Amino acid sequence: MKTKTRKMLALIILTIMVLTIVPITKVLAETDVKPIFAISKNIIMKRDETSTLDVSVNEKLEFISFRTNLKYDANAIEITGIDEGENFPNNAKLKAITQEMGEKITGLEITSTNGEPIAINSARLFGINVKAKDNANLGKYTINLTQAELLSDDDEKINITPQPGSIIITEMDNSKDKPEFKMIYTEKMFPGEEQIISVLANDKLNFRLISSLLSYDDGIEVVDVKKGNGLPDDAEVVLYHDGISGQINGFDIQGKGVIQIDPNEELVNITIKTSENATPGNGKIGIDWNDILNQDWNEVIADDISANIQIMPELKGIEFIASRIEISRGTEFKMQYKLTPENISPLPKIEWITANKDVATVDSNGIVTAVGVGETTITAKVGEYTATAQIIVTEKPTIKPIIEIRRNKLVVGETEQINVKIEPEDAANLIEKIEYSSSDPTIATVDEKGIIKAINPGKVKINAIINEKFVSEVEITVTNPDVPNTGDSSITLFISIMLISFAGIVWLTIINKKK
């Protein structure tokens, strides 16, 4: 009896499980797959103009039939036909559904022609041909798929998620000044580097939609486009991607109503990146303003803008000019370094590190300040490359500047070069600035290079001021040039001798002729 009871109980449990699992499996089959049918957004049209809205599917599907109604404003829009997409399956048939008493298209259906499942990849499935009526009001109109029914090969309903499309009926506004835009960016980038380009409007804008296309050269990639701080909270940035490469190739700025933005406020921030293997040279990213609709739904024109990016050679290393530096306590010293290659510009960001802040500190510009006596190491880090230098800090010596000069007596018109010497000699690197001055420029002047020029006779002091506090001076005597005086006895004697000699030569010549 017990055995029969157990068998009966097991059979009941098994029956309950089968009856429960089958409906659950069917529900899962109906709800797990939710393909998205998306219609083109923001197709700009003029009154009495025609266009096509693409309907695409986001994933691979297999089905027997698809039927849906179309919801749209018939007062502004007329649907003139449904056409097959470039990837429409061969065993599928597309048919427009019209009203019984008229030609108004109210829906569509896709059915299998051979009873086999229709297989589609994620792509454009079909197009909806639309026309803006000549008496339509300006504005934005949506087109959506409703009461959609997608059946599998087992006649199971597959739930779909429709994303509505939209057309905007507008007209050209020639009465307004066209808006102007600008891009704020860094002109030079290294391979693998990122930067954010800010896009601003030069004038105050009241608009409903801004649509743009992006173009950029090889070596540059658009990573993202985000709303700028000038856009209100209810505004959004919608990105568009290339169907083949997946790259961002455009964006829209739109909101629920009129969007207002002040001059020089950010519309969007575009993050770009140079590829790791980018060839050094010039690159360009441009924004083509495809459509701009003002607050009255009128279309206005704006000039396209672009940014020219210079892709710099890839950094190969960094090294210090001197690997061992001695400085005095309380003084500063700027670290001198060399990058490889040397023509990298702008300079990459360098991280400066000191091993012992009690001996020497270093700021973001590479300026070392000697704090206490001792030794430490200064490191410059750029990406994966580093350079190190040993810093020895000693007690600060007493600087004694001395002016050295070859002559301290000059003749009017002569020049002389000053040489400034520092004692002790190992403190020469403490010279930061030398200024020269003359106590009387009418007697002698001195320029910024320390060249003295004698002007008029007299005595003058030439000063050298080192680091704006140490002064050294030298006295210069200026005289007129020596001019021979014809009344001097020496000159008279010289002339007399010359006359006697000339007379002697004449006398000897006469005597020789008589003989």
# chains A, B, ... in the order shown; residues from 1 in each chain; ligands from 1
call {"tool": "residues_around", "arguments": {"residues": "Glu193 in chain A", "least_positions_apart": "3", "cutoff": "7 Å", "atoms": "only C-alpha atoms", "output": "PyMOL selection string"}}
result
chain A and resi 189-190+273-274
call {"tool": "residues_around", "arguments": {"residues": "Trp289 in chain A", "least_positions_apart": "4", "cutoff": "8 Å", "atoms": "only C-alpha atoms", "output": "NGL selection string"}}
result
:A and (210-213 or 301-304)
call {"tool": "write_last_selection", "arguments": {"atoms": "N, CA, C and O atoms", "output": "PDB file, in the first residue's frame"}}
result
ATOM      1  N   ILE A 210      19.633  71.595 -32.543  1.00  0.00           N
ATOM      2  CA  ILE A 210      20.896  71.782 -33.264  1.00  0.00           C
ATOM      3  C   ILE A 210      21.383  70.399 -33.651  1.00  0.00           C
ATOM      4  O   ILE A 210      21.567  69.527 -32.789  1.00  0.00           O
ATOM      5  N   SER A 211      21.558  70.181 -34.932  1.00  0.00           N
ATOM      6  CA  SER A 211      22.015  68.887 -35.437  1.00  0.00           C
ATOM      7  C   SER A 211      23.329  69.084 -36.183  1.00  0.00           C
ATOM      8  O   SER A 211      23.479  70.056 -36.933  1.00  0.00           O
ATOM      9  N   SER A 212      24.271  68.186 -35.982  1.00  0.00           N
ATOM     10  CA  SER A 212      25.589  68.364 -36.590  1.00  0.00           C
ATOM     11  C   SER A 212      26.157  67.040 -37.067  1.00  0.00           C
ATOM     12  O   SER A 212      25.756  65.964 -36.609  1.00  0.00           O
ATOM     13  N   LEU A 213      27.090  67.147 -37.998  1.00  0.00           N
ATOM     14  CA  LEU A 213      27.879  66.003 -38.456  1.00  0.00           C
ATOM     15  C   LEU A 213      29.333  66.242 -38.073  1.00  0.00           C
ATOM     16  O   LEU A 213      29.821  67.375 -38.153  1.00  0.00           O
ATOM     17  N   ILE A 301      21.123  79.193 -40.742  1.00  0.00           N
ATOM     18  CA  ILE A 301      22.385  78.667 -41.267  1.00  0.00           C
ATOM     19  C   ILE A 301      23.541  79.176 -40.425  1.00  0.00           C
ATOM     20  O   ILE A 301      23.574  80.337 -40.006  1.00  0.00           O
ATOM     21  N   ALA A 302      24.512  78.311 -40.182  1.00  0.00           N
ATOM     22  CA  ALA A 302      25.737  78.687 -39.474  1.00  0.00           C
ATOM     23  C   ALA A 302      26.935  78.129 -40.227  1.00  0.00           C
ATOM     24  O   ALA A 302      26.848  77.072 -40.874  1.00  0.00           O
ATOM     25  N   ASP A 303      28.042  78.860 -40.167  1.00  0.00           N
ATOM     26  CA  ASP A 303      29.267  78.391 -40.819  1.00  0.00           C
ATOM     27  C   ASP A 303      29.854  77.207 -40.046  1.00  0.00           C
ATOM     28  O   ASP A 303      29.822  77.175 -38.810  1.00  0.00           O
ATOM     29  N   ASP A 304      30.393  76.263 -40.801  1.00  0.00           N
ATOM     30  CA  ASP A 304      31.038  75.119 -40.174  1.00  0.00           C
ATOM     31  C   ASP A 304      32.318  75.563 -39.468  1.00  0.00           C
ATOM     32  O   ASP A 304      32.944  76.565 -39.839  1.00  0.00           O
TER      33      ASP A 304
END
call {"tool": "select_by_dssp", "arguments": {"residues": "range 279-419 of chain A", "states": "strand (DSSP E)", "output": "MDAnalysis selection string"}}
result
chainID A and resid 281:294 298:300 305:311 317:320 324:328 332:334 337:340 351:354 360:362 367:370 374:382 385:394 400:404 409:411 415:417 419
call {"tool": "closest_residue", "arguments": {"among": "A:Asp217, A:Glu84, A:Asp234, A:Glu109", "to": "Asp54 in chain A", "atoms": "only C-alpha atoms"}}
result
A:Glu84
call {"tool": "closest_residue", "arguments": {"among": "A:Gln295, A:Ser40, A:Gln310, A:Asn264", "to": "Gly281 in chain A", "atoms": "only C-alpha atoms"}}
result
A:Gln310
call {"tool": "residues_around", "arguments": {"residues": "range 122-129 of chain A", "least_positions_apart": "4", "cutoff": "7 Å", "atoms": "only C-alpha atoms", "output": "PDB file with C-alpha atoms, in the first residue's frame"}}
result
ATOM      1  CA  SER A  51      11.759  62.076 -47.281  1.00  0.00           C
ATOM      2  CA  THR A  52      12.245  58.547 -45.937  1.00  0.00           C
ATOM      3  CA  LEU A  53      12.435  57.383 -42.337  1.00  0.00           C
ATOM      4  CA  ASP A  54      14.537  54.270 -41.859  1.00  0.00           C
ATOM      5  CA  VAL A  55      13.298  51.508 -39.570  1.00  0.00           C
ATOM      6  CA  SER A  56      16.128  49.389 -38.156  1.00  0.00           C
ATOM      7  CA  VAL A  57      16.355  46.395 -35.825  1.00  0.00           C
ATOM      8  CA  ASN A  58      19.020  46.160 -33.158  1.00  0.00           C
ATOM      9  CA  GLU A  59      19.632  42.391 -33.233  1.00  0.00           C
ATOM     10  CA  LYS A  60      19.377  39.247 -35.327  1.00  0.00           C
ATOM     11  CA  ILE A  79       2.742  58.432 -45.668  1.00  0.00           C
ATOM     12  CA  THR A  80       3.166  57.782 -49.373  1.00  0.00           C
ATOM     13  CA  GLY A  81       4.607  54.277 -49.262  1.00  0.00           C
ATOM     14  CA  ILE A  82       6.682  51.576 -47.571  1.00  0.00           C
ATOM     15  CA  ASP A  83       9.837  50.270 -49.245  1.00  0.00           C
ATOM     16  CA  GLU A  84      12.178  47.395 -48.549  1.00  0.00           C
ATOM     17  CA  GLY A  85      15.544  47.986 -46.911  1.00  0.00           C
ATOM     18  CA  GLU A  86      18.840  46.958 -48.488  1.00  0.00           C
ATOM     19  CA  ASN A  87      19.009  43.907 -46.185  1.00  0.00           C
ATOM     20  CA  PHE A  88      15.409  42.832 -46.678  1.00  0.00           C
TER      21      PHE A  88
END
